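One structure is given here, and the rest of the page talks about it.
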Amino acid sequence: MEKQGTLQVKNLVKKYKGRSEELLVLDNINLSVEPGEFISIIGASGCGKTTFLRLVVGLESDYEGDILLDGRKLNGPDLNRGVVFQDHRLLPWLTIEKNIGLGLKETKSPEARKTIQEHVELVGLQGFEKHYPYQLSGGMSQRAAIARSLVNRPEILLLDEPLGALDALTRMYMHQELERIWRQEGITMIMITHDVDEAIYLSDKIVIMSSRPGSIRKIIPVPLARPRDRAGYDFVKIKEQVLEEFHLHTEHPFSYTI
Amino acid sequence: MKRLIGNSEVLTGRIRGMTTVLVLLLAWVSLSCAGMIPADKFPPPNVVVRTFIELIRSGLLAKSLASSMVRIAEGFAAGTLLGFALGTLMGVSRTLERLFSPLCNALRQVPVIGWIPLVVLWCGVGDLSKIAFIAIGAFFPMLVSTFQGVRGVPGRFIEVVRVFEFSTLRLLARVVVPGAFPDIVTGLRLSLGTSWMLVVWSEINTRSGLGIGEMLWSARMGSKLDVVLICIIVIGLVAYLINEVLGHVEARLLVWKRSYR
C-alpha cells in the first residue's frame, strides 16, 4: 500500500496520430514522485511537458506505459488530482467564492462554507468573496484558481506554468505564497515552468526535459534548506547546473579565490 | 428612481429618443391643423384621440390587446422552450447535430407563412392555429441562438469541471447554459420579434376571435384609418416596453460580463 500522493510513471510513450504520419511526443518517460514532494519540470517549448501533465491529470488518455497513483492505474480525471492551468479559467458568471467552491459536491452546508472560507483566506483573498473574476487582477485570479484546485484536498496538484501570465514582481511574491500553501497543505506538487529561479526556489527536484521527442534528460536535486536565498551561493550553483543543460551558462575559463 | 433613470449617458439617450417622437407628433398636429394633410390619407390628431378614448371606454382595445398577448405568451413559451431544448441537445451532442442539422436548416428557411395550409388543416382556424404559428416562428431563432451559444462555450471551462468529476447534468446546468446565456437572450429577443409579427399575421389570416391584429384588419375593411393608426401605435409601444423590460432583466443576469459595465 503506497503512501498518499505517490506518483509513478513507467515507460510512458505518447504518440500523436496525424493524418499521414505518427509523431512521437513523449518517449519513454520514467519518473517517481514521493508524497509531499515539490517537483518542477523545465523544458523548451513544445517538448511535451503540457502533454505529460494532461496525461497525469487524465484529460488525455491513449498512451503506452503506466501512470500509477498510489499503485493504482489512472482512469480519467478524478478528485485525487487537481490542476491549475496557465490561464486561471475561473467561470466568469460565478463570484469568487462560488468559483472556489466549484469542486465541492454541495456548498450549502456549514462544513462546505467553512472549507471555502478557509481556502479564501489561504490565498489571501478575504474581502473579495462576492467579486466577479473580471474585477480581479491576473495575480488575484490565479490565486483564486489555486484555492479552487485545493478545495477537495487532492493528493497531487499539477500546475502548468501557473505564474507565467503574471509580472515579475507579482510572480516572486507568489513564489512565497505557493511555498507557504505547499507547506501548509502537505500536497505533492508537480509544476511546469520556464522560470529557472522559480524552479530552484520551490522544488525538491528539478526534472529537465529535452524536446522532440519529449524525454527526461536529467533530474537535478535541490537539497537546500528553506526558505531559500535567491542570491545565495548554493542557489546560484544549482542555477548554473540547470542553465548548463540548456547551454545557457556562461563559460568561466578560469576562476580563482584568494 | 436613480436606478430607473440610469446614469446621465443613458438619460441623455432616452431624452434624445423621446425628442424625435415629440417632433414627429408636433409635425403631425401642426400640419393637420394647417389642413395640409388630407383627412382620408392620414387621420387628424383630434379624430384619433377621440377614437382612442372611445376604444378605451368600450374596453375593446384592452380586450383585443389582452387576447393577442395571451396568444403570444403561449406560442412564445412553447416555441422557445422547444427551441432551447433542441438547441442545447444539438449543441452538446455531435451525433444529434449531424442527425438534425440538415432538416432544421432546411425548415427554418421556409417563411412561417408557408406553413399556413398545413397548420390550418391540422389546427383549424381558432386560437390553436394562431398559437402554433407563433410557436413555429419563435422556435427557429431560439434553436439557432441556443445552439451557437452552447457551441461557443470555451472547451477550457469544460476541462475544469471534468477534473472535478461533474456529471453531464451538472455540466449543463453550471457551465454550458450559463456560458451560452448571452446568445440565449439574443434568441429570446429575436423570437419575441417574430411572435409579434406572427400574432398580427395569424389574426389577419384566420379572422376569428378578438385580437389587436384582427382589430387592425377590420378597421382597414371599414376604412377606419384612425383605428388602424391606434393599433399600430399600441403594438409598437407595447413591444418596445417588453423589450425594455427584457433588456433590464438581461443586464441584471449578465452583470458578470465586462461589456455590461
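Going through the C-alpha cells in order, the chains are called A, B, and so on, while each chain numbers its residues from 1 and the ligands are numbered from 1 in the order shown.
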
- Task: When you get a sec, could you note down which chain A residues fall within 10 Å of chain B, using only C-alpha atoms, as a count of residues only?
- Result: 33

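The interatomic distance for the pair atom CA of Thr193 of chain A and atom CA of Ile42 of chain A works out to 5.6 Å.
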
Apply DSSP to the backbone of this structure and, from segment 122-247 of chain A, keep only the residues in helix (DSSP H, G or I); write these as a CSV table (one decimal) with N, CA and C atoms, in the first residue's frame.
chain,number,residue,atom,x,y,z
A,122,LEU,N,-6.6,31.2,2.8
A,122,LEU,CA,-5.4,30.5,2.4
A,122,LEU,C,-4.6,31.3,1.3
A,133,PRO,N,-14.8,37.5,-11.4
A,133,PRO,CA,-13.5,37.5,-12.0
A,133,PRO,C,-13.0,38.7,-12.8
A,134,TYR,N,-13.9,39.3,-13.5
A,134,TYR,CA,-13.5,40.5,-14.3
A,134,TYR,C,-13.0,41.6,-13.4
A,135,GLN,N,-13.4,41.6,-12.1
A,135,GLN,CA,-13.0,42.7,-11.2
A,135,GLN,C,-11.6,42.4,-10.6
A,138,GLY,N,-4.8,39.8,-12.6
A,138,GLY,CA,-4.3,38.5,-13.0
A,138,GLY,C,-3.8,37.6,-11.9
A,139,GLY,N,-3.1,38.3,-11.0
A,139,GLY,CA,-2.5,37.6,-9.9
A,139,GLY,C,-3.6,37.1,-8.9
A,140,MET,N,-4.6,37.9,-8.7
A,140,MET,CA,-5.6,37.5,-7.8
A,140,MET,C,-6.5,36.4,-8.4
A,141,SER,N,-6.7,36.5,-9.7
A,141,SER,CA,-7.5,35.4,-10.3
A,141,SER,C,-6.8,34.1,-10.2
A,142,GLN,N,-5.4,34.1,-10.4
A,142,GLN,CA,-4.7,32.9,-10.4
A,142,GLN,C,-4.7,32.3,-8.9
A,143,ARG,N,-4.6,33.2,-8.0
A,143,ARG,CA,-4.7,32.8,-6.6
A,143,ARG,C,-6.0,32.1,-6.3
A,144,ALA,N,-7.1,32.7,-6.9
A,144,ALA,CA,-8.4,32.0,-6.7
A,144,ALA,C,-8.4,30.7,-7.4
A,145,ALA,N,-7.8,30.5,-8.5
A,145,ALA,CA,-7.7,29.3,-9.2
A,145,ALA,C,-7.0,28.2,-8.4
A,146,ILE,N,-5.9,28.7,-7.7
A,146,ILE,CA,-5.2,27.8,-6.8
A,146,ILE,C,-6.0,27.3,-5.7
A,147,ALA,N,-6.8,28.2,-5.1
A,147,ALA,CA,-7.7,27.9,-4.0
A,147,ALA,C,-8.7,26.9,-4.5
A,148,ARG,N,-9.2,27.1,-5.7
A,148,ARG,CA,-10.2,26.2,-6.2
A,148,ARG,C,-9.7,24.8,-6.4
A,149,SER,N,-8.4,24.7,-6.8
A,149,SER,CA,-7.8,23.4,-7.0
A,149,SER,C,-7.6,22.6,-5.7
A,150,LEU,N,-7.5,23.4,-4.6
A,150,LEU,CA,-7.1,22.7,-3.4
A,150,LEU,C,-8.3,22.3,-2.5
A,168,ALA,N,6.8,40.1,-13.2
A,168,ALA,CA,7.9,39.5,-12.4
A,168,ALA,C,7.8,39.7,-10.9
A,169,LEU,N,7.4,40.9,-10.5
A,169,LEU,CA,7.3,41.2,-9.0
A,169,LEU,C,6.2,40.3,-8.4
A,170,THR,N,5.0,40.3,-9.0
A,170,THR,CA,3.9,39.5,-8.5
A,170,THR,C,4.3,38.1,-8.5
A,171,ARG,N,5.1,37.7,-9.5
A,171,ARG,CA,5.5,36.3,-9.5
A,171,ARG,C,6.4,35.9,-8.3
A,172,MET,N,7.3,36.8,-8.0
A,172,MET,CA,8.2,36.5,-6.8
A,172,MET,C,7.4,36.4,-5.5
A,173,TYR,N,6.4,37.3,-5.4
A,173,TYR,CA,5.5,37.3,-4.3
A,173,TYR,C,4.8,36.0,-4.2
A,174,MET,N,4.3,35.5,-5.4
A,174,MET,CA,3.5,34.3,-5.5
A,174,MET,C,4.4,33.1,-5.2
A,175,HIS,N,5.7,33.1,-5.4
A,175,HIS,CA,6.6,32.0,-5.1
A,175,HIS,C,6.5,31.8,-3.6
A,176,GLN,N,6.5,32.9,-2.8
A,176,GLN,CA,6.5,32.7,-1.4
A,176,GLN,C,5.1,32.2,-0.9
A,177,GLU,N,4.0,32.7,-1.6
A,177,GLU,CA,2.7,32.2,-1.3
A,177,GLU,C,2.6,30.7,-1.6
A,178,LEU,N,3.1,30.3,-2.8
A,178,LEU,CA,2.9,28.9,-3.2
A,178,LEU,C,3.7,28.0,-2.2
A,179,GLU,N,4.8,28.4,-1.8
A,179,GLU,CA,5.6,27.6,-0.8
A,179,GLU,C,4.9,27.5,0.5
A,180,ARG,N,4.3,28.6,0.9
A,180,ARG,CA,3.5,28.6,2.2
A,180,ARG,C,2.3,27.6,2.1
A,181,ILE,N,1.6,27.7,1.0
A,181,ILE,CA,0.5,26.9,0.8
A,181,ILE,C,0.9,25.4,0.7
A,182,TRP,N,2.0,25.2,0.0
A,182,TRP,CA,2.5,23.8,-0.1
A,182,TRP,C,2.9,23.2,1.2
A,183,ARG,N,3.5,24.0,2.0
A,183,ARG,CA,3.9,23.6,3.4
A,183,ARG,C,2.7,23.3,4.2
A,184,GLN,N,1.7,24.2,4.1
A,184,GLN,CA,0.5,24.1,5.0
A,184,GLN,C,-0.3,22.9,4.6
A,185,GLU,N,-0.5,22.7,3.3
A,185,GLU,CA,-1.4,21.6,2.9
A,185,GLU,C,-0.7,20.2,2.8
A,196,VAL,N,13.7,29.5,-14.3
A,196,VAL,CA,14.7,28.6,-13.6
A,196,VAL,C,14.7,29.0,-12.1
A,197,ASP,N,14.7,30.3,-11.8
A,197,ASP,CA,14.7,30.8,-10.4
A,197,ASP,C,13.5,30.2,-9.7
A,198,GLU,N,12.4,30.3,-10.3
A,198,GLU,CA,11.2,29.8,-9.7
A,198,GLU,C,11.3,28.3,-9.4
A,199,ALA,N,11.9,27.5,-10.3
A,199,ALA,CA,12.0,26.1,-10.1
A,199,ALA,C,13.0,25.8,-8.9
A,200,ILE,N,14.1,26.5,-8.8
A,200,ILE,CA,15.0,26.3,-7.8
A,200,ILE,C,14.5,26.7,-6.4
A,201,TYR,N,13.7,27.9,-6.5
A,201,TYR,CA,13.2,28.4,-5.2
A,201,TYR,C,12.2,27.4,-4.5
A,202,LEU,N,11.4,26.7,-5.4
A,202,LEU,CA,10.3,26.0,-4.9
A,202,LEU,C,10.5,24.5,-4.8
A,233,TYR,N,24.9,31.4,-2.5
A,233,TYR,CA,25.9,30.7,-3.3
A,233,TYR,C,25.4,29.3,-3.8
A,234,ASP,N,24.8,28.6,-2.9
A,234,ASP,CA,24.3,27.2,-3.3
A,234,ASP,C,23.2,27.4,-4.4
A,235,PHE,N,22.3,28.4,-4.2
A,235,PHE,CA,21.3,28.6,-5.1
A,235,PHE,C,21.9,28.9,-6.5
A,236,VAL,N,22.9,29.7,-6.6
A,236,VAL,CA,23.4,30.1,-7.9
A,236,VAL,C,24.2,28.9,-8.5
A,237,LYS,N,24.8,28.1,-7.6
A,237,LYS,CA,25.5,26.9,-8.2
A,237,LYS,C,24.5,26.0,-8.9
A,238,ILE,N,23.4,25.8,-8.3
A,238,ILE,CA,22.4,24.9,-8.9
A,238,ILE,C,21.8,25.5,-10.2
A,239,LYS,N,21.7,26.9,-10.1
A,239,LYS,CA,21.2,27.6,-11.3
A,239,LYS,C,22.2,27.4,-12.5
A,240,GLU,N,23.5,27.4,-12.2
A,240,GLU,CA,24.5,27.1,-13.2
A,240,GLU,C,24.3,25.8,-13.8
A,241,GLN,N,24.0,24.8,-12.9
A,241,GLN,CA,23.8,23.4,-13.4
A,241,GLN,C,22.7,23.3,-14.3
A,242,VAL,N,21.6,24.0,-14.0
A,242,VAL,CA,20.4,24.0,-14.8
A,242,VAL,C,20.6,24.6,-16.1
A,243,LEU,N,21.2,25.8,-16.1
A,243,LEU,CA,21.5,26.6,-17.3
A,243,LEU,C,22.4,25.8,-18.2
A,244,GLU,N,23.3,25.1,-17.6
A,244,GLU,CA,24.2,24.3,-18.4
A,244,GLU,C,23.5,23.3,-19.3
A,245,GLU,N,22.5,22.7,-18.7
A,245,GLU,CA,21.7,21.8,-19.5
A,245,GLU,C,21.1,22.4,-20.7

- Test item: residues at most 10 Å from segment 189-206 of chain B, only C-alpha atoms, excluding those fewer than 4 positions along its chain, as JSON, numbers by chain: {"B": [68, 69, 71, 72, 73, 75, 76, 77, 79, 80, 83, 112, 113, 116, 120, 124, 125, 126, 127, 129, 130, 131, 132, 133, 134, 135, 136, 137, 138, 139, 140, 141, 142, 143, 145, 183, 184, 185, 210, 211, 212, 213, 214, 215, 216, 217, 218, 235, 236, 238, 239, 242, 243, 246, 247]}

- Query: Just asking: which residues within segment 59-255 of chain A are strand (DSSP E or B) according to DSSP, as a ChimeraX atom specification?
  - Reply: /A:64-69,72-73,81-84,156-160,188-193,205-210,214-221

- Query: Near Pro35 of chain A, within 12 Å and counting only C-alpha atoms, which residues show up once chain neighbours fewer than 6 positions away are dropped, as number ranges by chain?
  - Reply: A: 2-8, 69-70, 154-157, 182, 185-190, 204

Got time to write the residues from that selection, C-alpha atoms, as a PDB file, in the first residue's frame?
ATOM      1  CA  GLU A   2       1.634   3.202  -1.156  1.00  0.00           C
ATOM      2  CA  LYS A   3       1.512   6.414   0.807  1.00  0.00           C
ATOM      3  CA  GLN A   4      -0.984   9.017  -0.301  1.00  0.00           C
ATOM      4  CA  GLY A   5       0.301  11.067  -3.168  1.00  0.00           C
ATOM      5  CA  THR A   6       2.881   8.709  -4.687  1.00  0.00           C
ATOM      6  CA  LEU A   7       3.112   9.037  -8.438  1.00  0.00           C
ATOM      7  CA  GLN A   8       4.946   6.534 -10.589  1.00  0.00           C
ATOM      8  CA  LEU A  69      -1.151   6.937  -8.406  1.00  0.00           C
ATOM      9  CA  ASP A  70      -0.628   5.115  -5.102  1.00  0.00           C
ATOM     10  CA  PRO A 154      -6.265  16.313  -3.835  1.00  0.00           C
ATOM     11  CA  GLU A 155      -3.289  14.038  -3.307  1.00  0.00           C
ATOM     12  CA  ILE A 156      -1.393  15.613  -6.155  1.00  0.00           C
ATOM     13  CA  LEU A 157      -1.615  19.126  -7.578  1.00  0.00           C
ATOM     14  CA  TRP A 182       2.508  23.781  -0.128  1.00  0.00           C
ATOM     15  CA  GLU A 185      -1.361  21.576   2.904  1.00  0.00           C
ATOM     16  CA  GLY A 186       1.390  18.997   2.508  1.00  0.00           C
ATOM     17  CA  ILE A 187       0.261  18.188  -1.029  1.00  0.00           C
ATOM     18  CA  THR A 188       2.523  16.671  -3.671  1.00  0.00           C
ATOM     19  CA  MET A 189       3.090  19.323  -6.322  1.00  0.00           C
ATOM     20  CA  ILE A 190       4.295  18.946  -9.893  1.00  0.00           C
ATOM     21  CA  ASP A 204      12.922  19.445  -4.136  1.00  0.00           C
TER      22      ASP A 204
END

- Item | All residues 8 Å or closer to segment 61-67 of chain A, only C-alpha atoms, same chain fewer than 6 positions away omitted, as a ChimeraX atom specification | /A:7-15,55,73-74,76

Write out the residues from the selection above, keeping C-alpha atoms, as a compact mmCIF listing (two decimals), in the first residue's frame.
# COMPACT_ATOMS: atom_id res chain seq x y z
CA LEU A 7 3.11 9.04 -8.44
CA GLN A 8 4.95 6.53 -10.59
CA VAL A 9 5.36 6.94 -14.31
CA LYS A 10 6.84 3.92 -16.08
CA ASN A 11 7.92 3.81 -19.71
CA LEU A 12 5.37 6.36 -20.77
CA VAL A 13 5.09 6.76 -24.52
CA LYS A 14 2.66 9.12 -26.23
CA LYS A 15 2.20 9.29 -29.95
CA LEU A 55 -1.86 12.66 -19.19
CA LYS A 73 -3.82 2.83 -12.66
CA LEU A 74 -5.48 6.05 -13.75
CA GLY A 76 -9.78 9.53 -16.41

- Could you tell me how far atom CA of Ser45 of chain A lies from atom CA of Phe246 of chain A, in Å and to one decimal? 12.3 Å

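Between atom CA of Val48 of chain B and atom CA of Val227 of chain B the interatomic distance comes to 7.4 Å.
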